[in-house]
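What follows is a set of notes on a single structure, which appears directly below.
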Amino acid sequence: MALQTKRLLSKRVQDLSDTEFQECSRLNYGTSGEMWYRLNDARRESIRAEESQALMIRDRQGKLIAWALLFKDRYCRSYEVHFYVPQKYRRQGLGTKLVDAVKRREPKAMVKPWNKASKAFFENFPNFSNA
Ligand SMILES: CC(C)(COP(=O)(O)OP(=O)(O)OC[C@H]1O[C@@H](n2cnc3c(N)ncnc32)[C@H](O)[C@@H]1OP(=O)(O)O)[C@@H](O)C(=O)NCCC(=O)NCCS
């Protein structure tokens with residue numbers, strides 16, 4: 001059953017507050033998470049920060065429960081996107097909601113499946129390119 005959530009909020013990485021930055025980082029393995037590394041990287045480089053977006057979904061209490069990072073690759077050629085939904089919130093449509101929002105903005109963003117499960121997930125969205 002679909003979760004009752006607040007609206008998805010999309011923000012430029014350079015406009016993220018410190019709290020939002022930390023919430024995103026914490027949800028995805030803290031500073032050992034690949035998304036943290038990318039987020040930090042995008043935030044440090046002003047050109048990429050302007051073009052990078054964090055898409056965040058919160059529950060009704062305001063707790064961050066899923067997010068995606070859309071960002072330019074190191075050479076600013078194309079967009080890459082990463083998604084993270086914690087285990088307890090998976091298979092409830094959050095990942096799909098994030099993908100729909102990303103596709104409205106950058107239909108050709110590249111994705112890099114992490115494992116078999118995310119490969120199965122992305123098979124539902126055949127127009128995404130594999131990074
Ligand atoms: C991949 C991920 C984003 C999917 O998020 P999610 O919220 O669970 O996805 P949804 O609920 O929208 O799933 C939609 C459909 O994708 C497919 N799918 C999702 N997870 C799957 C899995 N583990 N195995 C097989 N199919 C899967 C199913 O068809 C599912 O529909 P169903 O639940 O009705 O069967 C989430 O599992 C995740 O964050 N994983 C860890 C990080 C990661 O791998 N990120 C992607 C690489 S950037």
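Just so we're on the same page: first chain in the structure tokens is A, next is B, and so on; residues restart at 1 for each chain, and ligands are numbered from 1 in the order they show up.
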Filtered DSSP result for chain A, state strand (DSSP E or B), as an MDAnalysis selection string: chainID A and resid 5 9:12 53:59 64:72 79:84 110:111 129:130
Expected answer as a PyMOL selection string: residues within 12 Å of ligand 1, only C-alpha atoms and all ligand atoms: chain A and resi 1-3+27-29+33-35+38+57+65-70+80-100+109-126+128-131
Of the listed residues A:Arg104, A:Arg60, A:Lys72, A:Arg77, that which approaches A:Gln4 most closely, counting only C-alpha atoms: A:Arg60
Nearest-residue call for A:Leu39, choices A:Arg12, A:Lys63, A:Lys108, A:Arg58, using only C-alpha atoms: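 When distances to A:Leu39 are compared using only C-alpha atoms, the smallest one comes from A:Arg12.
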Spatial neighbours of A:Gln53, 10 Å, only C-alpha atoms, chain gap at least 2 places, as a PyMOL selection string: chain A and resi 9-16+39+42+48-51+55-56+68-72+81+102+105
Those residues you just picked out, can you put them in a file as a PDB file, in the first residue's frame with C-alpha atoms?
ATOM      1  CA  LEU A   9      10.557  18.582  -2.413  1.00  0.00           C
ATOM      2  CA  SER A  10      13.265  19.280  -4.936  1.00  0.00           C
ATOM      3  CA  LYS A  11      16.055  21.720  -4.099  1.00  0.00           C
ATOM      4  CA  ARG A  12      19.250  22.856  -5.725  1.00  0.00           C
ATOM      5  CA  VAL A  13      22.172  21.373  -3.825  1.00  0.00           C
ATOM      6  CA  GLN A  14      23.600  24.820  -3.209  1.00  0.00           C
ATOM      7  CA  ASP A  15      20.346  25.828  -1.478  1.00  0.00           C
ATOM      8  CA  LEU A  16      20.271  22.879   0.943  1.00  0.00           C
ATOM      9  CA  LEU A  39      26.517  15.365  -2.572  1.00  0.00           C
ATOM     10  CA  ALA A  42      28.499  18.733  -5.877  1.00  0.00           C
ATOM     11  CA  ARG A  48      27.858  21.613 -10.338  1.00  0.00           C
ATOM     12  CA  ALA A  49      26.048  22.721  -7.208  1.00  0.00           C
ATOM     13  CA  GLU A  50      23.915  25.085  -9.240  1.00  0.00           C
ATOM     14  CA  GLU A  51      22.863  22.334 -11.579  1.00  0.00           C
ATOM     15  CA  LEU A  55      14.850  15.388  -4.300  1.00  0.00           C
ATOM     16  CA  MET A  56      13.517  14.581  -0.856  1.00  0.00           C
ATOM     17  CA  ALA A  68      17.599  11.148  -4.841  1.00  0.00           C
ATOM     18  CA  LEU A  69      20.559  13.149  -6.056  1.00  0.00           C
ATOM     19  CA  LEU A  70      20.623  14.408  -9.626  1.00  0.00           C
ATOM     20  CA  PHE A  71      23.989  15.843 -10.553  1.00  0.00           C
ATOM     21  CA  LYS A  72      26.337  16.591 -13.397  1.00  0.00           C
ATOM     22  CA  VAL A  81      21.192  10.186 -10.635  1.00  0.00           C
ATOM     23  CA  VAL A 102      13.726  12.992 -12.008  1.00  0.00           C
ATOM     24  CA  ARG A 105      13.433  17.132 -15.201  1.00  0.00           C
TER      25      ARG A 105
END
I need the residues in chain A that are helix (DSSP H, G or I) according to DSSP; give them as a PDB file with N, CA and C atoms, in the first residue's frame.
ATOM      1  N   VAL A  13      21.238  21.779  -4.882  1.00  0.00           N
ATOM      2  CA  VAL A  13      22.172  21.373  -3.825  1.00  0.00           C
ATOM      3  C   VAL A  13      22.748  22.586  -3.108  1.00  0.00           C
ATOM      4  N   GLN A  14      23.005  23.636  -3.857  1.00  0.00           N
ATOM      5  CA  GLN A  14      23.600  24.820  -3.209  1.00  0.00           C
ATOM      6  C   GLN A  14      22.627  25.516  -2.254  1.00  0.00           C
ATOM      7  N   ASP A  15      21.333  25.209  -2.368  1.00  0.00           N
ATOM      8  CA  ASP A  15      20.346  25.828  -1.478  1.00  0.00           C
ATOM      9  C   ASP A  15      19.992  24.944  -0.274  1.00  0.00           C
ATOM     10  N   ASP A  18      22.157  23.217   6.162  1.00  0.00           N
ATOM     11  CA  ASP A  18      23.065  22.237   6.775  1.00  0.00           C
ATOM     12  C   ASP A  18      22.268  21.053   7.305  1.00  0.00           C
ATOM     13  N   THR A  19      21.084  21.342   7.854  1.00  0.00           N
ATOM     14  CA  THR A  19      20.254  20.254   8.408  1.00  0.00           C
ATOM     15  C   THR A  19      19.834  19.292   7.299  1.00  0.00           C
ATOM     16  N   GLU A  20      19.390  19.835   6.164  1.00  0.00           N
ATOM     17  CA  GLU A  20      18.981  18.961   5.051  1.00  0.00           C
ATOM     18  C   GLU A  20      20.171  18.149   4.544  1.00  0.00           C
ATOM     19  N   PHE A  21      21.303  18.804   4.465  1.00  0.00           N
ATOM     20  CA  PHE A  21      22.505  18.111   4.006  1.00  0.00           C
ATOM     21  C   PHE A  21      22.822  16.928   4.927  1.00  0.00           C
ATOM     22  N   GLN A  22      22.715  17.181   6.234  1.00  0.00           N
ATOM     23  CA  GLN A  22      23.007  16.109   7.194  1.00  0.00           C
ATOM     24  C   GLN A  22      21.956  15.004   7.173  1.00  0.00           C
ATOM     25  N   GLU A  23      20.682  15.390   7.010  1.00  0.00           N
ATOM     26  CA  GLU A  23      19.614  14.386   6.952  1.00  0.00           C
ATOM     27  C   GLU A  23      19.831  13.437   5.772  1.00  0.00           C
ATOM     28  N   CYS A  24      20.143  14.021   4.613  1.00  0.00           N
ATOM     29  CA  CYS A  24      20.382  13.198   3.422  1.00  0.00           C
ATOM     30  C   CYS A  24      21.575  12.277   3.663  1.00  0.00           C
ATOM     31  N   SER A  25      22.641  12.840   4.206  1.00  0.00           N
ATOM     32  CA  SER A  25      23.853  12.049   4.431  1.00  0.00           C
ATOM     33  C   SER A  25      23.571  10.903   5.392  1.00  0.00           C
ATOM     34  N   ARG A  26      22.866  11.204   6.472  1.00  0.00           N
ATOM     35  CA  ARG A  26      22.595  10.194   7.496  1.00  0.00           C
ATOM     36  C   ARG A  26      21.751   9.043   6.968  1.00  0.00           C
ATOM     37  N   LEU A  27      20.808   9.381   6.086  1.00  0.00           N
ATOM     38  CA  LEU A  27      19.909   8.340   5.578  1.00  0.00           C
ATOM     39  C   LEU A  27      20.659   7.329   4.718  1.00  0.00           C
ATOM     40  N   GLY A  30      25.751   7.647   6.096  1.00  0.00           N
ATOM     41  CA  GLY A  30      26.626   8.709   6.577  1.00  0.00           C
ATOM     42  C   GLY A  30      27.737   9.017   5.603  1.00  0.00           C
ATOM     43  N   THR A  31      28.897   9.336   6.150  1.00  0.00           N
ATOM     44  CA  THR A  31      29.992   9.768   5.279  1.00  0.00           C
ATOM     45  C   THR A  31      30.668   8.607   4.554  1.00  0.00           C
ATOM     46  N   SER A  32      30.215   7.364   4.803  1.00  0.00           N
ATOM     47  CA  SER A  32      30.784   6.283   3.992  1.00  0.00           C
ATOM     48  C   SER A  32      29.868   5.961   2.811  1.00  0.00           C
ATOM     49  N   GLU A  34      28.093   6.445  -0.842  1.00  0.00           N
ATOM     50  CA  GLU A  34      28.480   7.020  -2.134  1.00  0.00           C
ATOM     51  C   GLU A  34      27.704   8.309  -2.399  1.00  0.00           C
ATOM     52  N   MET A  35      26.446   8.345  -1.971  1.00  0.00           N
ATOM     53  CA  MET A  35      25.646   9.539  -2.241  1.00  0.00           C
ATOM     54  C   MET A  35      26.169  10.733  -1.442  1.00  0.00           C
ATOM     55  N   TRP A  36      26.667  10.463  -0.242  1.00  0.00           N
ATOM     56  CA  TRP A  36      27.237  11.554   0.547  1.00  0.00           C
ATOM     57  C   TRP A  36      28.440  12.139  -0.182  1.00  0.00           C
ATOM     58  N   TYR A  37      29.247  11.239  -0.692  1.00  0.00           N
ATOM     59  CA  TYR A  37      30.453  11.665  -1.406  1.00  0.00           C
ATOM     60  C   TYR A  37      30.075  12.562  -2.588  1.00  0.00           C
ATOM     61  N   ARG A  38      29.069  12.113  -3.350  1.00  0.00           N
ATOM     62  CA  ARG A  38      28.620  12.885  -4.516  1.00  0.00           C
ATOM     63  C   ARG A  38      27.997  14.220  -4.095  1.00  0.00           C
ATOM     64  N   LEU A  39      27.202  14.158  -3.041  1.00  0.00           N
ATOM     65  CA  LEU A  39      26.517  15.365  -2.572  1.00  0.00           C
ATOM     66  C   LEU A  39      27.541  16.408  -2.119  1.00  0.00           C
ATOM     67  N   ASN A  40      28.507  15.944  -1.370  1.00  0.00           N
ATOM     68  CA  ASN A  40      29.554  16.805  -0.851  1.00  0.00           C
ATOM     69  C   ASN A  40      30.356  17.425  -1.996  1.00  0.00           C
ATOM     70  N   ASP A  41      30.654  16.570  -2.954  1.00  0.00           N
ATOM     71  CA  ASP A  41      31.397  16.971  -4.134  1.00  0.00           C
ATOM     72  C   ASP A  41      30.626  18.057  -4.895  1.00  0.00           C
ATOM     73  N   ALA A  42      29.331  17.786  -5.126  1.00  0.00           N
ATOM     74  CA  ALA A  42      28.499  18.733  -5.877  1.00  0.00           C
ATOM     75  C   ALA A  42      28.392  20.048  -5.109  1.00  0.00           C
ATOM     76  N   ARG A  43      28.334  19.963  -3.802  1.00  0.00           N
ATOM     77  CA  ARG A  43      28.168  21.165  -2.989  1.00  0.00           C
ATOM     78  C   ARG A  43      29.417  22.053  -3.012  1.00  0.00           C
ATOM     79  N   ARG A  44      30.574  21.394  -3.088  1.00  0.00           N
ATOM     80  CA  ARG A  44      31.835  22.143  -3.060  1.00  0.00           C
ATOM     81  C   ARG A  44      32.101  22.892  -4.360  1.00  0.00           C
ATOM     82  N   SER A  46      30.954  25.053  -7.308  1.00  0.00           N
ATOM     83  CA  SER A  46      29.793  25.931  -7.486  1.00  0.00           C
ATOM     84  C   SER A  46      29.021  25.657  -8.775  1.00  0.00           C
ATOM     85  N   ILE A  47      29.697  25.342  -9.872  1.00  0.00           N
ATOM     86  CA  ILE A  47      28.956  25.126 -11.130  1.00  0.00           C
ATOM     87  C   ILE A  47      28.060  23.908 -10.979  1.00  0.00           C
ATOM     88  N   ARG A  48      28.656  22.838 -10.458  1.00  0.00           N
ATOM     89  CA  ARG A  48      27.858  21.613 -10.338  1.00  0.00           C
ATOM     90  C   ARG A  48      26.777  21.759  -9.282  1.00  0.00           C
ATOM     91  N   ALA A  49      27.049  22.541  -8.262  1.00  0.00           N
ATOM     92  CA  ALA A  49      26.048  22.721  -7.208  1.00  0.00           C
ATOM     93  C   ALA A  49      24.815  23.429  -7.754  1.00  0.00           C
ATOM     94  N   GLU A  50      25.049  24.367  -8.655  1.00  0.00           N
ATOM     95  CA  GLU A  50      23.915  25.085  -9.240  1.00  0.00           C
ATOM     96  C   GLU A  50      23.019  24.161 -10.034  1.00  0.00           C
ATOM     97  N   GLU A  51      23.636  23.195 -10.691  1.00  0.00           N
ATOM     98  CA  GLU A  51      22.863  22.334 -11.579  1.00  0.00           C
ATOM     99  C   GLU A  51      22.399  21.048 -10.915  1.00  0.00           C
ATOM    100  N   GLN A  87      15.635   0.375   3.776  1.00  0.00           N
ATOM    101  CA  GLN A  87      14.992  -0.934   3.722  1.00  0.00           C
ATOM    102  C   GLN A  87      13.520  -0.927   4.179  1.00  0.00           C
ATOM    103  N   LYS A  88      13.263  -0.303   5.335  1.00  0.00           N
ATOM    104  CA  LYS A  88      11.902  -0.426   5.883  1.00  0.00           C
ATOM    105  C   LYS A  88      10.848   0.329   5.064  1.00  0.00           C
ATOM    106  N   TYR A  89      11.279   1.180   4.165  1.00  0.00           N
ATOM    107  CA  TYR A  89      10.305   1.923   3.348  1.00  0.00           C
ATOM    108  C   TYR A  89      10.243   1.430   1.904  1.00  0.00           C
ATOM    109  N   LEU A  94       8.025   4.623  -3.223  1.00  0.00           N
ATOM    110  CA  LEU A  94       8.812   5.860  -3.055  1.00  0.00           C
ATOM    111  C   LEU A  94       9.856   6.000  -4.155  1.00  0.00           C
ATOM    112  N   GLY A  95      10.512   4.893  -4.464  1.00  0.00           N
ATOM    113  CA  GLY A  95      11.525   4.930  -5.520  1.00  0.00           C
ATOM    114  C   GLY A  95      10.893   5.380  -6.836  1.00  0.00           C
ATOM    115  N   THR A  96       9.732   4.854  -7.149  1.00  0.00           N
ATOM    116  CA  THR A  96       9.035   5.225  -8.388  1.00  0.00           C
ATOM    117  C   THR A  96       8.675   6.710  -8.380  1.00  0.00           C
ATOM    118  N   LYS A  97       8.241   7.194  -7.238  1.00  0.00           N
ATOM    119  CA  LYS A  97       7.892   8.611  -7.128  1.00  0.00           C
ATOM    120  C   LYS A  97       9.122   9.497  -7.420  1.00  0.00           C
ATOM    121  N   LEU A  98      10.259   9.088  -6.901  1.00  0.00           N
ATOM    122  CA  LEU A  98      11.491   9.847  -7.144  1.00  0.00           C
ATOM    123  C   LEU A  98      11.881   9.780  -8.625  1.00  0.00           C
ATOM    124  N   VAL A  99      11.764   8.575  -9.194  1.00  0.00           N
ATOM    125  CA  VAL A  99      12.112   8.428 -10.616  1.00  0.00           C
ATOM    126  C   VAL A  99      11.213   9.321 -11.471  1.00  0.00           C
ATOM    127  N   ASP A 100       9.925   9.336 -11.181  1.00  0.00           N
ATOM    128  CA  ASP A 100       9.007  10.157 -11.982  1.00  0.00           C
ATOM    129  C   ASP A 100       9.424  11.625 -11.935  1.00  0.00           C
ATOM    130  N   ALA A 101       9.814  12.080 -10.757  1.00  0.00           N
ATOM    131  CA  ALA A 101      10.218  13.485 -10.611  1.00  0.00           C
ATOM    132  C   ALA A 101      11.519  13.756 -11.371  1.00  0.00           C
ATOM    133  N   VAL A 102      12.454  12.817 -11.290  1.00  0.00           N
ATOM    134  CA  VAL A 102      13.726  12.992 -12.008  1.00  0.00           C
ATOM    135  C   VAL A 102      13.481  13.006 -13.518  1.00  0.00           C
ATOM    136  N   LYS A 103      12.633  12.096 -13.978  1.00  0.00           N
ATOM    137  CA  LYS A 103      12.389  11.993 -15.423  1.00  0.00           C
ATOM    138  C   LYS A 103      11.711  13.239 -15.988  1.00  0.00           C
ATOM    139  N   ARG A 104      10.901  13.881 -15.174  1.00  0.00           N
ATOM    140  CA  ARG A 104      10.272  15.124 -15.642  1.00  0.00           C
ATOM    141  C   ARG A 104      11.339  16.194 -15.877  1.00  0.00           C
ATOM    142  N   ARG A 105      12.387  16.121 -15.099  1.00  0.00           N
ATOM    143  CA  ARG A 105      13.433  17.132 -15.201  1.00  0.00           C
ATOM    144  C   ARG A 105      14.537  16.761 -16.185  1.00  0.00           C
ATOM    145  N   LYS A 116      21.510  -6.458  -7.822  1.00  0.00           N
ATOM    146  CA  LYS A 116      20.437  -7.136  -8.564  1.00  0.00           C
ATOM    147  C   LYS A 116      19.080  -6.489  -8.319  1.00  0.00           C
ATOM    148  N   ALA A 117      18.836  -6.113  -7.050  1.00  0.00           N
ATOM    149  CA  ALA A 117      17.525  -5.555  -6.695  1.00  0.00           C
ATOM    150  C   ALA A 117      17.292  -4.233  -7.419  1.00  0.00           C
ATOM    151  N   SER A 118      18.328  -3.368  -7.425  1.00  0.00           N
ATOM    152  CA  SER A 118      18.092  -2.081  -8.083  1.00  0.00           C
ATOM    153  C   SER A 118      18.049  -2.248  -9.600  1.00  0.00           C
ATOM    154  N   LYS A 119      18.726  -3.283 -10.101  1.00  0.00           N
ATOM    155  CA  LYS A 119      18.623  -3.580 -11.530  1.00  0.00           C
ATOM    156  C   LYS A 119      17.176  -3.938 -11.874  1.00  0.00           C
ATOM    157  N   ALA A 120      16.582  -4.752 -11.012  1.00  0.00           N
ATOM    158  CA  ALA A 120      15.177  -5.144 -11.226  1.00  0.00           C
ATOM    159  C   ALA A 120      14.275  -3.913 -11.167  1.00  0.00           C
ATOM    160  N   PHE A 121      14.570  -3.022 -10.238  1.00  0.00           N
ATOM    161  CA  PHE A 121      13.786  -1.788 -10.115  1.00  0.00           C
ATOM    162  C   PHE A 121      13.880  -0.971 -11.411  1.00  0.00           C
ATOM    163  N   PHE A 122      15.101  -0.777 -11.918  1.00  0.00           N
ATOM    164  CA  PHE A 122      15.276   0.086 -13.094  1.00  0.00           C
ATOM    165  C   PHE A 122      14.742  -0.549 -14.376  1.00  0.00           C
TER     166      PHE A 122
END
